[in-house]
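Encoded as C-alpha cells, the structure appears first; notes follow it.
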Amino acid sequence: MSPYKAVLFDMDNTLHSLYDARFAAADCVMAYKGVFPDLHLFSLNRDNPTLLEKSVGQYISENNLNGEAECIWLYKAAELFCVREYEGMREVLNTLKNAGVKLAVISNADPISSKKRLESLEFTEFFDIVVSPETFGVKKPDPQVYIKTIEALGVSANECAMIGDRIDRDVTPPRELGIFGIHAWYGSLDEKDSVCYVNRPEEILRVLGLEPVQ
C-alpha cells in the first residue's frame, strides 16, 4: 500500500511525449509541401525562439509557400494524431487507481488541448481532476495551483506526490509546499534532479512504495 493518498501528474512530456508528436507533425507539414524538413529548427533560429506549433504559419509565409491555413490545420491534426503514451504509463496509472490513490493532472496547456490529448490517450477515466490555468485562475509554478488541487482532492501536502518533466515548475515548487516532487527525467530536457528522478514510468511505482522495479 502506498503511503501517498494522491499523485499529481504533469501532462505533456510526463504522460506522453509532446516533443515526438510535434516533430512528427512538422514532418507531415513539410512532406505535404514537398520541402526540406527544417521546420524543427526554424523555431529555434529566431531572435526570440518560439514553440514549434507557433512557428508553422510564419515558416510558410517566410518561405513563400501557399496554403498557410491548411498547413496550420494539418499540423494541429497531425500533432494530436501522433500523441502516444510513454511505454508503461498506462500500467502505472492502473496500479495507482486500483490501489485507491487519487489522481490529478496539472497542466499549463489550455483546457481544450488538455481534454483532447487525454481523450486521445484514453487516459481521462484515470483522473479525478484535470487542472488547467483556467481551473483556479493560476498556473505552474504558482504554488496556489498545487494548494488548490490538493484541497480539491481532500488530501494534505505530505500525503501527495507530484511528477513532472520540468524541475522549475513541476518538482521544486511542490516540494517547497511539502509535496513529494519526482522528476520525470525520461521526458525532460533538464539535468537529472539531485533528490528524486525516474528514468522510465515503471520506476514511479517503486518510488511511491507500490511495486519494486525488476
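Lettering and numbering for the C-alpha cells are positional, with chains as A, B, ... in the shown order, residues counted from 1 in each chain, and ligands counted from 1 in the shown order.
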
Could you give me, as a ChimeraX atom specification, the residues within 8 Å of region 160-170 of chain A, counting only C-alpha atoms and dropping anything in the same chain fewer than 6 positions from it? /A:4-11,13-14,140-141,150,179-190,193

When DSSP is applied to the backbone of this structure, which of region 51-184 of chain A are assigned strand (DSSP E or B)? Write them out as a list of chain:residue names.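 So the strand (DSSP E or B) residues in region 51-184 of chain A would be A:Glu85, A:Lys102, A:Leu103, A:Ala104, A:Val105, A:Ile106, A:Ile129, A:Val130, A:Val131, A:Cys160, A:Ala161, A:Met162, A:Ile163, A:Gly164, A:Phe180, A:Gly181, A:Ile182, A:His183, A:Ala184.
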
Saved selection, atoms kept: N, CA and C atoms, as an mmCIF file, in the first residue's frame:
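New file out_31.cif:
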data_model
loop_
_atom_site.group_PDB
_atom_site.id
_atom_site.type_symbol
_atom_site.label_atom_id
_atom_site.label_comp_id
_atom_site.auth_asym_id
_atom_site.auth_seq_id
_atom_site.Cartn_x
_atom_site.Cartn_y
_atom_site.Cartn_z
ATOM 1 N N GLU A 85 1.269 7.605 -25.501
ATOM 2 C CA GLU A 85 1.675 7.479 -24.105
ATOM 3 C C GLU A 85 3.078 6.913 -24.016
ATOM 4 N N LYS A 102 -5.816 8.775 -5.340
ATOM 5 C CA LYS A 102 -6.460 9.800 -6.148
ATOM 6 C C LYS A 102 -5.451 10.380 -7.144
ATOM 7 N N LEU A 103 -5.909 10.630 -8.357
ATOM 8 C CA LEU A 103 -5.011 11.093 -9.408
ATOM 9 C C LEU A 103 -5.492 12.419 -9.997
ATOM 10 N N ALA A 104 -4.527 13.273 -10.308
ATOM 11 C CA ALA A 104 -4.846 14.560 -10.919
ATOM 12 C C ALA A 104 -3.825 14.885 -11.995
ATOM 13 N N VAL A 105 -4.247 15.652 -12.975
ATOM 14 C CA VAL A 105 -3.347 16.239 -13.967
ATOM 15 C C VAL A 105 -3.303 17.737 -13.704
ATOM 16 N N ILE A 106 -2.094 18.285 -13.651
ATOM 17 C CA ILE A 106 -1.933 19.736 -13.589
ATOM 18 C C ILE A 106 -1.121 20.153 -14.804
ATOM 19 N N ILE A 129 -9.388 14.811 -11.263
ATOM 20 C CA ILE A 129 -9.483 16.215 -11.633
ATOM 21 C C ILE A 129 -8.394 16.537 -12.650
ATOM 22 N N VAL A 130 -8.738 17.352 -13.629
ATOM 23 C CA VAL A 130 -7.777 17.843 -14.622
ATOM 24 C C VAL A 130 -7.713 19.354 -14.465
ATOM 25 N N VAL A 131 -6.548 19.851 -14.092
ATOM 26 C CA VAL A 131 -6.378 21.266 -13.780
ATOM 27 C C VAL A 131 -5.627 21.965 -14.898
ATOM 28 N N CYS A 160 0.851 13.579 -0.562
ATOM 29 C CA CYS A 160 0.742 13.781 -2.004
ATOM 30 C C CYS A 160 2.114 13.779 -2.680
ATOM 31 N N ALA A 161 2.165 13.290 -3.931
ATOM 32 C CA ALA A 161 3.371 13.346 -4.752
ATOM 33 C C ALA A 161 3.036 14.048 -6.063
ATOM 34 N N MET A 162 4.034 14.697 -6.648
ATOM 35 C CA MET A 162 3.873 15.379 -7.935
ATOM 36 C C MET A 162 4.968 14.913 -8.870
ATOM 37 N N ILE A 163 4.594 14.555 -10.098
ATOM 38 C CA ILE A 163 5.535 14.029 -11.078
ATOM 39 C C ILE A 163 5.501 14.909 -12.321
ATOM 40 N N GLY A 164 6.675 15.361 -12.783
ATOM 41 C CA GLY A 164 6.713 16.182 -13.980
ATOM 42 C C GLY A 164 8.100 16.282 -14.575
ATOM 43 N N PHE A 180 5.849 15.601 -2.217
ATOM 44 C CA PHE A 180 6.993 14.829 -2.697
ATOM 45 C C PHE A 180 7.137 15.025 -4.204
ATOM 46 N N GLY A 181 8.187 15.730 -4.626
ATOM 47 C CA GLY A 181 8.397 16.012 -6.044
ATOM 48 C C GLY A 181 9.273 14.976 -6.711
ATOM 49 N N ILE A 182 8.806 14.443 -7.848
ATOM 50 C CA ILE A 182 9.532 13.419 -8.602
ATOM 51 C C ILE A 182 9.811 13.950 -10.001
ATOM 52 N N HIS A 183 11.049 13.931 -10.410
ATOM 53 C CA HIS A 183 11.437 14.417 -11.732
ATOM 54 C C HIS A 183 11.275 13.309 -12.769
ATOM 55 N N ALA A 184 10.395 13.531 -13.747
ATOM 56 C CA ALA A 184 10.199 12.577 -14.846
ATOM 57 C C ALA A 184 11.301 12.811 -15.879
#

For Glu87 (chain A), find every residue with an atom within 9 Å (counting only C-alpha atoms), except residues of its own chain fewer than 4 positions away, and show them as a JSON list (two decimals) with C-alpha atoms, in the first residue's frame.
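result11.json, freshly written:
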[["chain", "number", "residue", "atom", "x", "y", "z"],
["A", 16, "HIS", "CA", 3.23, 11.32, -23.21],
["A", 91, "GLU", "CA", 0.16, 0.26, -16.16],
["A", 200, "ARG", "CA", 11.11, 5.46, -17.03],
["A", 201, "PRO", "CA", 7.45, 5.41, -15.95],
["A", 202, "GLU", "CA", 7.62, 2.00, -14.27]]

Can you list every residue of region 81-164 of chain A that has an atom at most 12 Å from region 24-40 of chain A, with its nearest atom pair and the distance in Å to one decimal, using only C-alpha atoms, ordered by chain then number, as CSV?
residue,atom,partner,partner_atom,distance
A:Phe81,CA,A:Ala25,CA,8.6
A:Cys82,CA,A:Ala24,CA,6.9
A:Val83,CA,A:Ala24,CA,9.5
A:Arg84,CA,A:Ala24,CA,11.3

What residues in region 54-159 of chain A get the DSSP label alpha helix (DSSP H)? Please answer as a ChimeraX atom specification. /A:56-62,68-81,89-98,111-121,133-136,143-153

Would you output that residue set with C-alpha atoms, as a PDB file, in the first residue's frame?
ATOM      1  CA  VAL A  56       4.159  26.916 -38.683  1.00  0.00           C
ATOM      2  CA  GLY A  57       2.354  29.922 -40.138  1.00  0.00           C
ATOM      3  CA  GLN A  58       5.480  32.078 -40.002  1.00  0.00           C
ATOM      4  CA  TYR A  59       7.533  29.360 -41.699  1.00  0.00           C
ATOM      5  CA  ILE A  60       5.022  29.031 -44.530  1.00  0.00           C
ATOM      6  CA  SER A  61       4.928  32.801 -45.017  1.00  0.00           C
ATOM      7  CA  GLU A  62       8.701  33.387 -44.889  1.00  0.00           C
ATOM      8  CA  GLU A  68      -0.878  28.692 -44.651  1.00  0.00           C
ATOM      9  CA  ALA A  69      -4.289  27.991 -43.090  1.00  0.00           C
ATOM     10  CA  GLU A  70      -4.410  24.391 -44.279  1.00  0.00           C
ATOM     11  CA  CYS A  71      -0.828  23.783 -43.124  1.00  0.00           C
ATOM     12  CA  ILE A  72      -1.676  25.030 -39.641  1.00  0.00           C
ATOM     13  CA  TRP A  73      -4.744  22.785 -39.633  1.00  0.00           C
ATOM     14  CA  LEU A  74      -2.661  19.826 -40.814  1.00  0.00           C
ATOM     15  CA  TYR A  75      -0.045  20.457 -38.148  1.00  0.00           C
ATOM     16  CA  LYS A  76      -2.608  20.557 -35.337  1.00  0.00           C
ATOM     17  CA  ALA A  77      -4.422  17.457 -36.600  1.00  0.00           C
ATOM     18  CA  ALA A  78      -1.177  15.508 -37.043  1.00  0.00           C
ATOM     19  CA  GLU A  79       0.120  16.528 -33.615  1.00  0.00           C
ATOM     20  CA  LEU A  80      -2.993  15.201 -31.893  1.00  0.00           C
ATOM     21  CA  PHE A  81      -2.955  12.035 -34.005  1.00  0.00           C
ATOM     22  CA  MET A  89       2.454   4.707 -18.195  1.00  0.00           C
ATOM     23  CA  ARG A  90      -0.945   3.013 -18.534  1.00  0.00           C
ATOM     24  CA  GLU A  91       0.165   0.260 -16.158  1.00  0.00           C
ATOM     25  CA  VAL A  92       1.358   2.888 -13.677  1.00  0.00           C
ATOM     26  CA  LEU A  93      -1.990   4.683 -13.748  1.00  0.00           C
ATOM     27  CA  ASN A  94      -3.902   1.396 -13.473  1.00  0.00           C
ATOM     28  CA  THR A  95      -1.868   0.305 -10.472  1.00  0.00           C
ATOM     29  CA  LEU A  96      -2.322   3.635  -8.693  1.00  0.00           C
ATOM     30  CA  LYS A  97      -6.049   3.706  -9.414  1.00  0.00           C
ATOM     31  CA  ASN A  98      -6.525   0.126  -8.222  1.00  0.00           C
ATOM     32  CA  PRO A 111      -8.354  23.107 -21.241  1.00  0.00           C
ATOM     33  CA  ILE A 112      -9.383  22.188 -24.789  1.00  0.00           C
ATOM     34  CA  SER A 113      -5.889  20.908 -25.651  1.00  0.00           C
ATOM     35  CA  SER A 114      -5.666  19.036 -22.346  1.00  0.00           C
ATOM     36  CA  LYS A 115      -9.032  17.386 -22.912  1.00  0.00           C
ATOM     37  CA  LYS A 116      -8.195  16.355 -26.488  1.00  0.00           C
ATOM     38  CA  ARG A 117      -4.817  14.886 -25.552  1.00  0.00           C
ATOM     39  CA  LEU A 118      -6.167  12.918 -22.602  1.00  0.00           C
ATOM     40  CA  GLU A 119      -9.034  11.619 -24.735  1.00  0.00           C
ATOM     41  CA  SER A 120      -6.603  10.636 -27.489  1.00  0.00           C
ATOM     42  CA  LEU A 121      -4.528   8.746 -24.924  1.00  0.00           C
ATOM     43  CA  PRO A 133      -4.782  27.590 -15.863  1.00  0.00           C
ATOM     44  CA  GLU A 134      -8.483  28.410 -16.124  1.00  0.00           C
ATOM     45  CA  THR A 135      -9.483  25.983 -13.352  1.00  0.00           C
ATOM     46  CA  PHE A 136      -8.238  28.077 -10.432  1.00  0.00           C
ATOM     47  CA  PRO A 143       2.122  27.422  -5.513  1.00  0.00           C
ATOM     48  CA  GLN A 144      -1.600  28.141  -5.388  1.00  0.00           C
ATOM     49  CA  VAL A 145      -2.240  25.709  -8.230  1.00  0.00           C
ATOM     50  CA  TYR A 146      -0.868  22.883  -6.068  1.00  0.00           C
ATOM     51  CA  ILE A 147      -2.589  24.091  -2.904  1.00  0.00           C
ATOM     52  CA  LYS A 148      -5.968  24.346  -4.588  1.00  0.00           C
ATOM     53  CA  THR A 149      -5.575  20.977  -6.320  1.00  0.00           C
ATOM     54  CA  ILE A 150      -4.813  19.037  -3.138  1.00  0.00           C
ATOM     55  CA  GLU A 151      -7.654  20.862  -1.384  1.00  0.00           C
ATOM     56  CA  ALA A 152      -9.989  19.708  -4.169  1.00  0.00           C
ATOM     57  CA  LEU A 153      -8.725  16.151  -3.702  1.00  0.00           C
TER      58      LEU A 153
END

Selected residue of minimal separation from Arg206 (chain A) among A:Gly67, A:Pro174, A:Pro3, A:Gly154, counting only C-alpha atoms: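 With only C-alpha atoms as the atom set, the closest residue is A:Pro3.
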
Using only C-alpha atoms for the distances, tell me which of A:Gly137, A:Leu205, A:Thr124, A:Val198 is nearest to Asn108 (chain A). A:Gly137

Applying 10 Å and only C-alpha atoms, which residues near Gly178 (chain A) remain after dropping the ones on its own chain fewer than 5 positions away? List them as a list in words.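 After dropping sequence-adjacent residues, the list is Ser156, Ala157, Asn158, Glu159, Cys160, Ala161 and Pro173 of chain A.
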
I'd like the interatomic distance between CA of Glu203 (chain A) and CA of Glu191 (chain A), to a tenth of an Å. 17.7 Å

Computed interatomic separation between CA of Gly88 (chain A) and CA of Leu208 (chain A) (Å):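 One can read the CA of Gly88 (chain A) to CA of Leu208 (chain A) distance as 15.3 Å.
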
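Here CA of Ala21 (chain A) stands at a distance of 27.8 Å from CA of Val207 (chain A).
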
Could you tell me which of A:Val138, A:Tyr86, A:Leu177, A:Asp128 comes closest to Asn199 (chain A) if we count only C-alpha atoms?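 Using only C-alpha atoms, Asn199 (chain A) sits closest to A:Tyr86.
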